[in-house]
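**Q** My questions all concern the structure below.
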Amino acid sequence: MKFLTTSEAQQWLTPLVATIGKDRAIYFGRDHKDRPLGLKAEFPKSLRQITYFVERAVDWLPRGYERLLWISDWETYPPHPINFFELVRLGCGERRHIIDAPGCVFNPDRGPKEQEFSAESDTFPLIGFVMLLMDFDWAGYLISQDAASTSVVYFNDEVISFSTSDPAALEEARGLCGQFHMNIKSQK
Amino acid sequence: MASGEIRLSAMTMRRMPVLAQSQTSQAGTPGFGSNPDFAGSSIDQVSEIIVTANAPPPPGTPTPPDNIPNGPWEWNPNPQNPRGGNWMGPKQPRGGRWTATYSPPTPDQRGYWKSNGPDGSKQWFDEDGNPMTPDQKQWQPPDNWLPALPFSVPSTNPWWWFLFSAPAY
């Protein structure tokens, strides 16, 4: 796990032909609208469901590639979410504030696709971070460095978006949303 | 001391007679300062003055429309915030305040305001402060984009309405 500044995250995204905008949103070479496949769904209804769902959403990303968690929007009021989040980062060895290092790269999960749970130790904090971001109603991207599929999970305002160029992966995301009884808002 | 406060002690004011005079000269009634609570009082009867100032938001930061409820909104700078601070509502008797945040337009969404309540509730507003649902953030014409008509027409195509409606003389 390694925390990244904006410029470092931009460098990580370069092979994906993606750029970080002034609003901290990530723009791909082809606009999100033009990306081949995508699905939007409302968050699961209960916190307990989110706990399980996030593990599945992280597992949805392609195996064998680094994963970037990019926090694109967060709140500083009320203060307890950001203070707790930064305390967790401190526990991971990161002393900088989110605004100074909003990105974090996690080691690839190299386990088999059919594994029950990831054995990669970096996956646990990644799941935990995403759970906190969703609970705090912050916004962020979870991106695989697999340039072939450019798989992205984006969460914002209680809506989660899966984006990929792999039809099988999109079908998997659709099944995942169904498993957690999530309201699918759009699909293409 | 809260952020943005300057406290002037009585001793400071005695050493700065110009400041004290300026306070006196602004008084609507004889006495010290413009606050009616100080009417008839002198500089020696005031222990300190607290001057509060609100830092302006960063250039280009939009201001919440007045019709977004739970205001008035006051800018509260915070260098850790991605927007440079928060628009915050008045202090509540207990717990936190309402906040309002603006999300600029993206390829997927129009620009909109979101207010967050101290109870975790959320409300969404368009850039003019009109309430909207979360789904209306998307860049797509709403289902009811044609104005409601008092009678049925052969077509909902706006060109039909434009061509066959009576001219307004």
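Please note that chains go A, B, ... in the order of the structure tokens, that every chain numbers its residues from 1, and that ligands are numbered from 1 in the order shown.
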Excluding same-chain residues fewer than 3 positions from Trp73 in chain B, what lies within 6 Å of it counting only C-alpha atoms, as a compact mmCIF listing (two decimals) with N, CA and C atoms, in the first residue's frame?

**A**
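See around_30.txt below for the written result:
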# COMPACT_ATOMS: atom_id res chain seq x y z
N TRP B 87 -19.95 25.86 3.45
CA TRP B 87 -21.05 26.78 3.74
C TRP B 87 -21.85 26.17 4.87
N MET B 88 -21.94 26.89 5.97
CA MET B 88 -22.60 26.34 7.15
C MET B 88 -23.77 27.20 7.58
N GLY B 89 -24.82 26.52 8.05
CA GLY B 89 -25.99 27.21 8.57
C GLY B 89 -25.76 27.65 10.01

**Q** Can you tell me, as a list in words, what residues are no more than 9 Å from range 118-124 of chain B when counting only C-alpha atoms, ignoring any on the same chain fewer than 2 positions away?

**A**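 Result of the neighbour search: Pro78 of chain A; Gln92, Gly95, Gly96, Arg97, Trp98, Thr99, Tyr112, Trp113, Lys114, Ser115, Asn116, Asp126, Gly129, Asn130, Pro131, Met132, Thr133, Pro134 and Lys137 of chain B.
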
**Q** Once you have the residues from the selection above, write them out as a PDB file, in the first residue's frame, restricted to N, CA and C atoms.

**A**
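As written to disk, again.pdb reads:
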ATOM      1  N   PRO A  78     -19.305  17.259   9.549  1.00  0.00           N
ATOM      2  CA  PRO A  78     -18.734  17.287  10.893  1.00  0.00           C
ATOM      3  C   PRO A  78     -17.319  16.713  10.905  1.00  0.00           C
TER       4      PRO A  78
ATOM      5  N   GLN B  92     -26.902  25.187  15.917  1.00  0.00           N
ATOM      6  CA  GLN B  92     -28.108  24.565  16.449  1.00  0.00           C
ATOM      7  C   GLN B  92     -27.984  24.458  17.972  1.00  0.00           C
ATOM      8  N   GLY B  95     -25.651  19.645  18.895  1.00  0.00           N
ATOM      9  CA  GLY B  95     -25.124  18.925  17.738  1.00  0.00           C
ATOM     10  C   GLY B  95     -24.650  19.840  16.628  1.00  0.00           C
ATOM     11  N   GLY B  96     -24.564  19.244  15.442  1.00  0.00           N
ATOM     12  CA  GLY B  96     -23.954  19.958  14.320  1.00  0.00           C
ATOM     13  C   GLY B  96     -24.911  20.893  13.604  1.00  0.00           C
ATOM     14  N   ARG B  97     -24.401  21.497  12.562  1.00  0.00           N
ATOM     15  CA  ARG B  97     -25.168  22.458  11.758  1.00  0.00           C
ATOM     16  C   ARG B  97     -25.522  21.839  10.413  1.00  0.00           C
ATOM     17  N   TRP B  98     -26.377  22.526   9.681  1.00  0.00           N
ATOM     18  CA  TRP B  98     -26.604  22.200   8.281  1.00  0.00           C
ATOM     19  C   TRP B  98     -25.420  22.711   7.477  1.00  0.00           C
ATOM     20  N   THR B  99     -25.067  21.986   6.455  1.00  0.00           N
ATOM     21  CA  THR B  99     -24.039  22.464   5.533  1.00  0.00           C
ATOM     22  C   THR B  99     -24.591  22.397   4.115  1.00  0.00           C
ATOM     23  N   TYR B 112     -25.165  21.181  -9.083  1.00  0.00           N
ATOM     24  CA  TYR B 112     -26.267  21.148  -8.107  1.00  0.00           C
ATOM     25  C   TYR B 112     -25.729  21.425  -6.702  1.00  0.00           C
ATOM     26  N   TRP B 113     -26.663  21.746  -5.825  1.00  0.00           N
ATOM     27  CA  TRP B 113     -26.371  21.952  -4.412  1.00  0.00           C
ATOM     28  C   TRP B 113     -26.903  20.775  -3.616  1.00  0.00           C
ATOM     29  N   LYS B 114     -26.181  20.439  -2.583  1.00  0.00           N
ATOM     30  CA  LYS B 114     -26.672  19.422  -1.655  1.00  0.00           C
ATOM     31  C   LYS B 114     -26.520  19.965  -0.255  1.00  0.00           C
ATOM     32  N   SER B 115     -27.598  19.916   0.510  1.00  0.00           N
ATOM     33  CA  SER B 115     -27.477  20.324   1.909  1.00  0.00           C
ATOM     34  C   SER B 115     -27.563  19.087   2.782  1.00  0.00           C
ATOM     35  N   ASN B 116     -26.720  19.065   3.767  1.00  0.00           N
ATOM     36  CA  ASN B 116     -26.623  17.935   4.690  1.00  0.00           C
ATOM     37  C   ASN B 116     -27.084  18.377   6.063  1.00  0.00           C
ATOM     38  N   ASP B 126     -31.247  22.542  -7.434  1.00  0.00           N
ATOM     39  CA  ASP B 126     -30.564  22.953  -8.654  1.00  0.00           C
ATOM     40  C   ASP B 126     -29.795  24.245  -8.389  1.00  0.00           C
ATOM     41  N   GLY B 129     -31.526  26.932  -6.623  1.00  0.00           N
ATOM     42  CA  GLY B 129     -32.048  26.656  -5.296  1.00  0.00           C
ATOM     43  C   GLY B 129     -33.390  25.956  -5.286  1.00  0.00           C
ATOM     44  N   ASN B 130     -33.859  25.477  -6.443  1.00  0.00           N
ATOM     45  CA  ASN B 130     -35.124  24.743  -6.487  1.00  0.00           C
ATOM     46  C   ASN B 130     -34.897  23.289  -6.067  1.00  0.00           C
ATOM     47  N   PRO B 131     -35.774  22.758  -5.220  1.00  0.00           N
ATOM     48  CA  PRO B 131     -35.588  21.367  -4.777  1.00  0.00           C
ATOM     49  C   PRO B 131     -35.606  20.412  -5.963  1.00  0.00           C
ATOM     50  N   MET B 132     -34.844  19.363  -5.878  1.00  0.00           N
ATOM     51  CA  MET B 132     -34.813  18.356  -6.928  1.00  0.00           C
ATOM     52  C   MET B 132     -34.531  16.999  -6.309  1.00  0.00           C
ATOM     53  N   THR B 133     -34.814  15.974  -7.071  1.00  0.00           N
ATOM     54  CA  THR B 133     -34.510  14.626  -6.607  1.00  0.00           C
ATOM     55  C   THR B 133     -33.089  14.279  -7.040  1.00  0.00           C
ATOM     56  N   PRO B 134     -32.471  13.292  -6.396  1.00  0.00           N
ATOM     57  CA  PRO B 134     -31.112  12.912  -6.817  1.00  0.00           C
ATOM     58  C   PRO B 134     -31.053  12.516  -8.291  1.00  0.00           C
ATOM     59  N   LYS B 137     -30.200  15.023 -11.104  1.00  0.00           N
ATOM     60  CA  LYS B 137     -28.836  15.522 -11.304  1.00  0.00           C
ATOM     61  C   LYS B 137     -28.314  15.140 -12.677  1.00  0.00           C
TER      62      LYS B 137
END

**Q** Restrict the distance test to only C-alpha atoms, flag each residue of chain A within 9 Å of chain B, and return the flagged residues as a PyMOL selection string.

**A** chain A and resi 23-25+31-33+72-78+97-100+157+185

**Q** May I have all residues of range 5-117 of chain A that DSSP, computed from the backbone, assigns to helix (DSSP H, G or I), given as a PyMOL selection string?

**A** chain A and resi 6-16+32-34+47-60+79-91+98-100

**Q** Given the selection you just returned, output its residues as a file containing N, CA and C atoms, formatted as a compact mmCIF listing (two decimals), in the first residue's frame.

**A**
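Output file out-v5.txt is given in full below:
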# COMPACT_ATOMS: atom_id res chain seq x y z
N THR A 6 -1.57 14.03 -5.70
CA THR A 6 -2.34 14.16 -6.94
C THR A 6 -1.45 13.90 -8.16
N SER A 7 -0.24 14.44 -8.16
CA SER A 7 0.63 14.26 -9.32
C SER A 7 1.07 12.81 -9.44
N GLU A 8 1.31 12.16 -8.31
CA GLU A 8 1.69 10.74 -8.36
C GLU A 8 0.53 9.88 -8.86
N ALA A 9 -0.68 10.23 -8.42
CA ALA A 9 -1.85 9.49 -8.89
C ALA A 9 -2.04 9.71 -10.39
N GLN A 10 -1.79 10.95 -10.82
CA GLN A 10 -1.90 11.24 -12.25
C GLN A 10 -0.92 10.39 -13.05
N GLN A 11 0.28 10.24 -12.51
CA GLN A 11 1.28 9.42 -13.17
C GLN A 11 0.83 7.96 -13.24
N TRP A 12 0.22 7.49 -12.16
CA TRP A 12 -0.28 6.10 -12.12
C TRP A 12 -1.37 5.89 -13.17
N LEU A 13 -2.17 6.93 -13.40
CA LEU A 13 -3.30 6.83 -14.33
C LEU A 13 -2.90 6.97 -15.79
N THR A 14 -1.70 7.44 -16.03
CA THR A 14 -1.29 7.73 -17.41
C THR A 14 -1.45 6.55 -18.36
N PRO A 15 -1.05 5.32 -17.98
CA PRO A 15 -1.25 4.20 -18.91
C PRO A 15 -2.71 3.96 -19.26
N LEU A 16 -3.62 4.45 -18.43
CA LEU A 16 -5.05 4.26 -18.70
C LEU A 16 -5.62 5.42 -19.50
N HIS A 32 -16.62 9.18 -20.01
CA HIS A 32 -17.36 8.12 -19.34
C HIS A 32 -18.63 7.75 -20.10
N LYS A 33 -19.26 8.79 -20.68
CA LYS A 33 -20.51 8.53 -21.41
C LYS A 33 -20.28 7.59 -22.58
N ASP A 34 -19.09 7.70 -23.17
CA ASP A 34 -18.81 6.91 -24.37
C ASP A 34 -18.19 5.57 -24.05
N LEU A 47 -26.17 -1.03 6.59
CA LEU A 47 -24.72 -0.97 6.78
C LEU A 47 -24.12 -2.37 6.73
N ARG A 48 -24.85 -3.33 7.26
CA ARG A 48 -24.33 -4.70 7.24
C ARG A 48 -24.19 -5.21 5.81
N GLN A 49 -25.16 -4.88 4.97
CA GLN A 49 -25.07 -5.27 3.57
C GLN A 49 -23.86 -4.60 2.91
N ILE A 50 -23.63 -3.33 3.26
CA ILE A 50 -22.49 -2.62 2.66
C ILE A 50 -21.18 -3.31 3.03
N THR A 51 -21.10 -3.80 4.27
CA THR A 51 -19.88 -4.48 4.70
C THR A 51 -19.55 -5.65 3.77
N TYR A 52 -20.58 -6.42 3.43
CA TYR A 52 -20.37 -7.56 2.55
C TYR A 52 -20.24 -7.14 1.09
N PHE A 53 -21.04 -6.16 0.71
CA PHE A 53 -21.04 -5.72 -0.69
C PHE A 53 -19.68 -5.16 -1.10
N VAL A 54 -19.07 -4.38 -0.25
CA VAL A 54 -17.79 -3.74 -0.61
C VAL A 54 -16.72 -4.80 -0.87
N GLU A 55 -16.74 -5.86 -0.08
CA GLU A 55 -15.76 -6.93 -0.30
C GLU A 55 -15.95 -7.52 -1.70
N ARG A 56 -17.22 -7.67 -2.10
CA ARG A 56 -17.52 -8.21 -3.44
C ARG A 56 -17.13 -7.21 -4.53
N ALA A 57 -17.38 -5.93 -4.27
CA ALA A 57 -17.07 -4.90 -5.27
C ALA A 57 -15.56 -4.82 -5.51
N VAL A 58 -14.78 -4.93 -4.43
CA VAL A 58 -13.32 -4.93 -4.57
C VAL A 58 -12.88 -6.19 -5.31
N ASP A 59 -13.52 -7.31 -5.00
CA ASP A 59 -13.18 -8.58 -5.64
C ASP A 59 -13.56 -8.57 -7.12
N TRP A 60 -14.48 -7.67 -7.51
CA TRP A 60 -14.93 -7.59 -8.91
C TRP A 60 -13.81 -7.13 -9.85
N PRO A 79 -16.56 17.01 11.95
CA PRO A 79 -15.13 16.68 11.90
C PRO A 79 -14.79 15.22 12.19
N HIS A 80 -15.69 14.48 12.83
CA HIS A 80 -15.25 13.14 13.27
C HIS A 80 -14.96 12.18 12.12
N PRO A 81 -15.68 12.22 10.96
CA PRO A 81 -15.30 11.27 9.91
C PRO A 81 -13.88 11.48 9.39
N ILE A 82 -13.52 12.71 9.08
CA ILE A 82 -12.18 12.93 8.51
C ILE A 82 -11.11 12.66 9.56
N ASN A 83 -11.39 13.02 10.81
CA ASN A 83 -10.38 12.77 11.84
C ASN A 83 -10.16 11.28 12.03
N PHE A 84 -11.25 10.52 12.01
CA PHE A 84 -11.10 9.07 12.16
C PHE A 84 -10.40 8.48 10.94
N PHE A 85 -10.81 8.95 9.75
CA PHE A 85 -10.22 8.41 8.53
C PHE A 85 -8.70 8.65 8.52
N GLU A 86 -8.32 9.85 8.90
CA GLU A 86 -6.88 10.16 8.90
C GLU A 86 -6.15 9.39 10.01
N LEU A 87 -6.86 9.08 11.08
CA LEU A 87 -6.26 8.26 12.13
C LEU A 87 -5.99 6.84 11.59
N VAL A 88 -6.91 6.33 10.80
CA VAL A 88 -6.71 5.01 10.20
C VAL A 88 -5.53 5.07 9.22
N ARG A 89 -5.48 6.15 8.43
CA ARG A 89 -4.32 6.30 7.53
C ARG A 89 -3.02 6.34 8.32
N LEU A 90 -3.06 7.03 9.45
CA LEU A 90 -1.86 7.11 10.29
C LEU A 90 -1.45 5.71 10.74
N GLY A 91 -2.45 4.89 11.05
CA GLY A 91 -2.17 3.50 11.43
C GLY A 91 -1.53 2.72 10.30
N ILE A 98 -5.52 14.04 3.88
CA ILE A 98 -6.10 13.55 2.63
C ILE A 98 -5.81 14.52 1.49
N ILE A 99 -5.95 15.80 1.77
CA ILE A 99 -5.81 16.78 0.68
C ILE A 99 -4.40 16.77 0.10
N ASP A 100 -3.44 16.32 0.86
CA ASP A 100 -2.06 16.27 0.37
C ASP A 100 -1.74 14.93 -0.31

**Q** Using DSSP on the backbone coordinates, identify the residues of chain A assigned to strand (DSSP E or B); present them as a PyMOL selection string.

**A** chain A and resi 2-4+18-20+26-28+37-42+67-73+103-106+139-144+152-156+159-164+184-187

**Q** List the spatial neighbours of Ile160 in chain A as a VMD selection string - criterion: any atom at most 8 Å away, only C-alpha atoms, same-chain residues fewer than 3 positions off excluded.

**A** chain A and resid 40 to 43 153 to 156

**Q** Restricted to C-alpha atoms, what would the selected residues look like written as a PDB file, in the first residue's frame?

**A**
ATOM      1  CA  LYS A  40     -25.320   2.408 -11.884  1.00  0.00           C
ATOM      2  CA  ALA A  41     -27.074   1.215  -8.774  1.00  0.00           C
ATOM      3  CA  GLU A  42     -28.123   2.627  -5.447  1.00  0.00           C
ATOM      4  CA  PHE A  43     -26.121   1.602  -2.396  1.00  0.00           C
ATOM      5  CA  VAL A 153     -15.917   1.433  -9.571  1.00  0.00           C
ATOM      6  CA  TYR A 154     -17.141   4.936  -8.756  1.00  0.00           C
ATOM      7  CA  PHE A 155     -19.216   5.795  -5.727  1.00  0.00           C
ATOM      8  CA  ASN A 156     -20.871   9.122  -5.052  1.00  0.00           C
TER       9      ASN A 156
END

**Q** Ranking A:Lys22, A:Arg110, A:Arg63, A:Lys45 by minimum distance to Met134 in chain A and counting only C-alpha atoms, which one comes first?

**A**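 Among the listed residues, A:Lys45 lies closest to Met134 in chain A.
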
**Q** Write out as a compact mmCIF listing (two decimals) with N, CA and C atoms, in the first residue's frame the residues lying within 6 Å of range 118-132 of chain A, counting only C-alpha atoms and excluding same-chain residues fewer than 6 positions away.

**A**
# COMPACT_ATOMS: atom_id res chain seq x y z
N GLU A 55 -16.74 -5.86 -0.08
CA GLU A 55 -15.76 -6.93 -0.30
C GLU A 55 -15.95 -7.52 -1.70
N PHE A 106 -2.90 -0.05 -3.99
CA PHE A 106 -2.87 -1.31 -3.25
C PHE A 106 -2.29 -2.41 -4.14
N ASN A 107 -1.58 -3.31 -3.51
CA ASN A 107 -0.95 -4.41 -4.25
C ASN A 107 -2.01 -5.23 -4.99
N ASP A 109 -4.25 -8.30 -6.25
CA ASP A 109 -4.75 -9.56 -5.71
C ASP A 109 -4.47 -10.62 -6.77
